[in-house]
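> What follows is a structure written as structure tokens; I'll ask about it next.
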Amino acid sequence: MQIGCLVLRDFRNYRSLSYRPSARLNVLSGRNAQGKTNLLEGLGVLLTGRSFRTSRLGELPSWETAASTLSGELIHTEGTRSVRRTIQRLEDGTWQSAGDVCPWARVIVFGWQDLGILNGPPAARRNFIDGFAARLYAGHLPALLRYRQILARRNRLLQTSDAESRLAPWDEQLAAIGMELIDRRRRAVAALSTELARVYPALAGTRRKVQVAYRTSLGEATEPAALLAALERRRAEELRRRLTLAGPHRDDLAIELDGADVRAFGSRGEQRLLALALRLAEVLPVTEAAGTPPVLLLDDALSELDAVVGANVLHEIQSAEQVFLTSPEPLAVNGAARWIVDAGEVAAA
């Protein structure tokens with residue numbers, strides 16, 4: 001899959017933009033605060049309808065505008081499809097997003113925030129693996145949203161004086177959907193781990209062993225009965241703390257490099273490279289699941305990497321299909337289309 005063209009109207013600092021990228025590697029260079037990341041964001045919104053930077057729709061239209069539009073053409077093996085999305089402010093002051101749905105469109109984004117996968121709280125790693133699982137399995141995101149709704153209602157129930165007598169139906173729902181999530185997360189981690197074992201050494205240029213494992217208090221259990229039993233064991237503590245203490249919302253991802261926990265012992269350079277490797281390791285599993293390669297949006301991916309590692313990264317991403325790579329400095333990359341981003345305009349270098 002490729003983006004054939006992108007047209008932005010009143011999106012971030014782009015008042016009007018018509019952009020036809022290369023079908024392969026696109027290098028976007030320019031000074032800070034000129035619109036490089038905004039352009040990547042626009043590409044992502046076109047494909048998925050969501051921003052990778054914010055959940056607040058009102059931040060996306062240009063300053064003092066009530067609406068923005070994004071349109072473009074997506075090229076697939078079966079032909080070309082036109083896509084259009086609008087973000088507008090309603091009369092009550094809320095913001096609404098509407099547009100075409102493209103079920104086979106996939107995008108993988110890397111940015112500075114991905115360092116949180118390595119040095120952030122468990123929630124950052126759960127969000128990472130849930131995002132990956134959602135790109136592999138169509139039912140994962142709806143199930144995740146349903147689980148969060150049930151969890152919120154169960155937590156509210158735990159705030160009441162008669163909670164213990166009313167928990168049973170919520171326990172059953174939580175256990176059933178919770179084990180679905182855990183099963184898909186485990187499968188996603190297995191696929192990621194296999195590809196990561198190839199990608200990370202290729203980027204680092206050294207033979208280093210990297211391992212990723214899903215960590216849950218349920219061990220290897222696969223049936224909802226195991227989660228039900230865990231909830232029962234924690235019942236007294238839950239009633240005291242008024243909080244659900246067992247389930248996939250408490251799980252984590254263990255990431256080790258040569259047997260050491262990268263979260264605690266990895267240098268910033270190792271963490272940044274590993275975060276990038278995690279994103280690039282998604283490409284093959286997502287391609288196989290969706291039947292078409294994802295578009296890669298890599299924001300300043302070469303920052304803080306030495307020249308040799310940077311060259312390895314460029315070699316790896318050139319084997320992908322369509323890639324957008326930003327850089328504050330011009331990059332001379334064989335076979336790449338080079339673009340200059342300046343004050344909300346994009347021109348060929």
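Quick note on naming: the chains in the structure tokens go A, B, ... in the order shown, residues restart at 1 in each chain, and ligands are numbered from 1 in order of appearance.
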Dump as JSON lines the rows for residues of region 219-286 of chain A within 12 Å of region 138-149 of chain A: closest atom pair and distance in Å with one decimal, only C-alpha atoms counted, ordered by chain and rising residue number.


```
{"residue": "A:Thr244", "atom": "CA", "partner": "A:Arg148", "partner_atom": "CA", "distance": 11.5}
{"residue": "A:Gly247", "atom": "CA", "partner": "A:Tyr147", "partner_atom": "CA", "distance": 9.8}
{"residue": "A:Pro248", "atom": "CA", "partner": "A:Tyr147", "partner_atom": "CA", "distance": 9.2}
{"residue": "A:His249", "atom": "CA", "partner": "A:Arg148", "partner_atom": "CA", "distance": 8.5}
{"residue": "A:Val286", "atom": "CA", "partner": "A:Ala138", "partner_atom": "CA", "distance": 11.6}
```

> Which residues, written as a VMD selection string, have at least one atom at most 10 Å from Arg15 (chain A), with only C-alpha atoms counted and residues fewer than 3 positions away on the same chain left out?

chain A and resid 8 to 12 61 to 63 65 68 344 to 345

> With 7 Å as the cut-off and only C-alpha atoms counted, what is the closest atom pair between each nearby residue of region 58-126 of chain A and region 298-321 of chain A? Distances in Å to one decimal, ordered by chain and number, as a tab-separated table.


```
residue	atom	partner	partner_atom	distance
A:Val109	CA	A:Leu298	CA	5.9
A:Phe110	CA	A:Leu298	CA	4.8
A:Gly111	CA	A:Asp299	CA	5.0
```

> Using Å and a single decimal, report how far CA of Gln96 (chain A) sits from CA of Gly116 (chain A).

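Answer for the CA of Gly116 (chain A) to CA of Gln96 (chain A) separation: 29.0 Å.
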
> Could you give me, as a ChimeraX atom specification, each residue of region 62-304 of chain A that DSSP assigns to alpha helix (DSSP H) when run on this structure's backbone?

/A:116-119,122-136,140-157,168-204,224-233,235-241,262-265,268-280,283-290

> List as a count of residues only the protein and nucleic acid residues near Asp261 (chain A), meaning an atom at most 12 Å away when only C-alpha atoms are counted, but skip any in the same chain fewer than 3 places from it.

19

> Can you pull out every residue within 7 Å of Ile117 (chain A), counting only C-alpha atoms, but drop anything in the same chain fewer than 4 positions away, and send it as an NGL selection string?

:A and (124-125 or 128 or 275)

> Which is closest to Lys36 (chain A) among A:Gly219, A:Tyr14, A:Pro122, A:Gly269, if we use only C-alpha atoms?

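That would be A:Tyr14, the residue with the smallest distance to Lys36 (chain A).
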
> Please list as a list in words every residue within 9 Å of Thr48 (chain A), counting only C-alpha atoms and excluding residues in the same chain fewer than 4 positions away.

Leu43, Gly44, Val101, Cys102, Pro103, Ala105, Arg106 and Val107 of chain A

> Could you take the residues named above and write them with N, CA, C and O atoms, as a compact mmCIF listing (two decimals), in the first residue's frame?


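Listing of result_24.txt after writing:
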```txt
# COMPACT_ATOMS: atom_id res chain seq x y z
N LEU A 43 -0.42 12.58 7.32
CA LEU A 43 -0.41 11.30 6.60
C LEU A 43 -1.08 10.21 7.45
O LEU A 43 -1.85 9.40 6.94
N GLY A 44 -0.77 10.22 8.75
CA GLY A 44 -1.35 9.22 9.64
C GLY A 44 -2.85 9.39 9.79
O GLY A 44 -3.61 8.41 9.79
N VAL A 101 -13.53 5.04 5.65
CA VAL A 101 -12.83 3.98 6.36
C VAL A 101 -12.15 3.09 5.34
O VAL A 101 -12.76 2.67 4.36
N CYS A 102 -10.88 2.82 5.58
CA CYS A 102 -10.11 1.97 4.68
C CYS A 102 -9.56 0.80 5.50
O CYS A 102 -8.51 0.93 6.15
N PRO A 103 -10.24 -0.34 5.52
CA PRO A 103 -9.88 -1.42 6.46
C PRO A 103 -8.51 -2.03 6.25
O PRO A 103 -7.95 -2.60 7.18
N ALA A 105 -5.79 -0.25 5.35
CA ALA A 105 -4.73 0.74 5.55
C ALA A 105 -4.06 0.52 6.90
O ALA A 105 -4.72 0.38 7.92
N ARG A 106 -2.74 0.48 6.89
CA ARG A 106 -1.97 0.31 8.13
C ARG A 106 -0.81 1.32 8.13
O ARG A 106 -0.21 1.59 7.09
N VAL A 107 -0.51 1.84 9.30
CA VAL A 107 0.60 2.78 9.45
C VAL A 107 1.34 2.45 10.73
O VAL A 107 0.73 2.09 11.73
```

> Leu245 (chain A): which residues within 9 Å, counting only C-alpha atoms, same-chain residues fewer than 2 positions away excluded, as a list in words?

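The contact residues come out as Ala230, Leu231, Arg234, Arg235, Glu237, Glu238, Leu243, Gly247, His249 and Arg250 of chain A.
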
> List every residue of region 50-134 of chain A that DSSP, applied to the backbone of this structure, assigns to strand (DSSP E), and report them as a PyMOL selection string.

chain A and resi 67-76+79-89+95-99+107-110

> Closest to Asn26 (chain A) among A:Leu115, A:Ile129, A:Ala188, A:Leu39, using only C-alpha atoms?

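Going through A:Leu115, A:Ile129, A:Ala188, A:Leu39 one by one, the smallest distance to Asn26 (chain A) is for A:Leu39.
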
> Find the distance between CA of Ser55 (chain A) and CA of Ser327 (chain A) and write it in Å to one decimal.

25.0 Å

> Find, counting only C-alpha atoms, the residue in A:Gly99, A:Gly93, A:Pro21, A:Gly30 that gets nearest to Thr69 (chain A).

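Of A:Gly99, A:Gly93, A:Pro21, A:Gly30, the one nearest Thr69 (chain A), counting only C-alpha atoms, is A:Gly99.
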
> Measure the distance from CA of Leu167 (chain A) to CA of Asp130 (chain A) in Å and round it to one decimal.

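So the answer is 26.6 Å.
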
> Might you pull out every residue within 7 Å of Leu28 (chain A), with only C-alpha atoms counted and same-chain residues fewer than 5 positions away left off, and present them as a ChimeraX atom specification?

/A:36,325-327,338-341

> Nearest residue to Val199 (chain A) out of A:Ala134, A:Leu6, A:Ala163, A:Leu274, using only C-alpha atoms?

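That would be A:Leu274, the residue with the smallest distance to Val199 (chain A).
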
> Go through A:Ser217, A:Gln322, A:Ser161, A:Leu276 and flag the residue nearest Gly4 (chain A), using only C-alpha atoms for the distances.

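Residue with the minimum atom-to-atom distance to Gly4 (chain A): A:Gln322.
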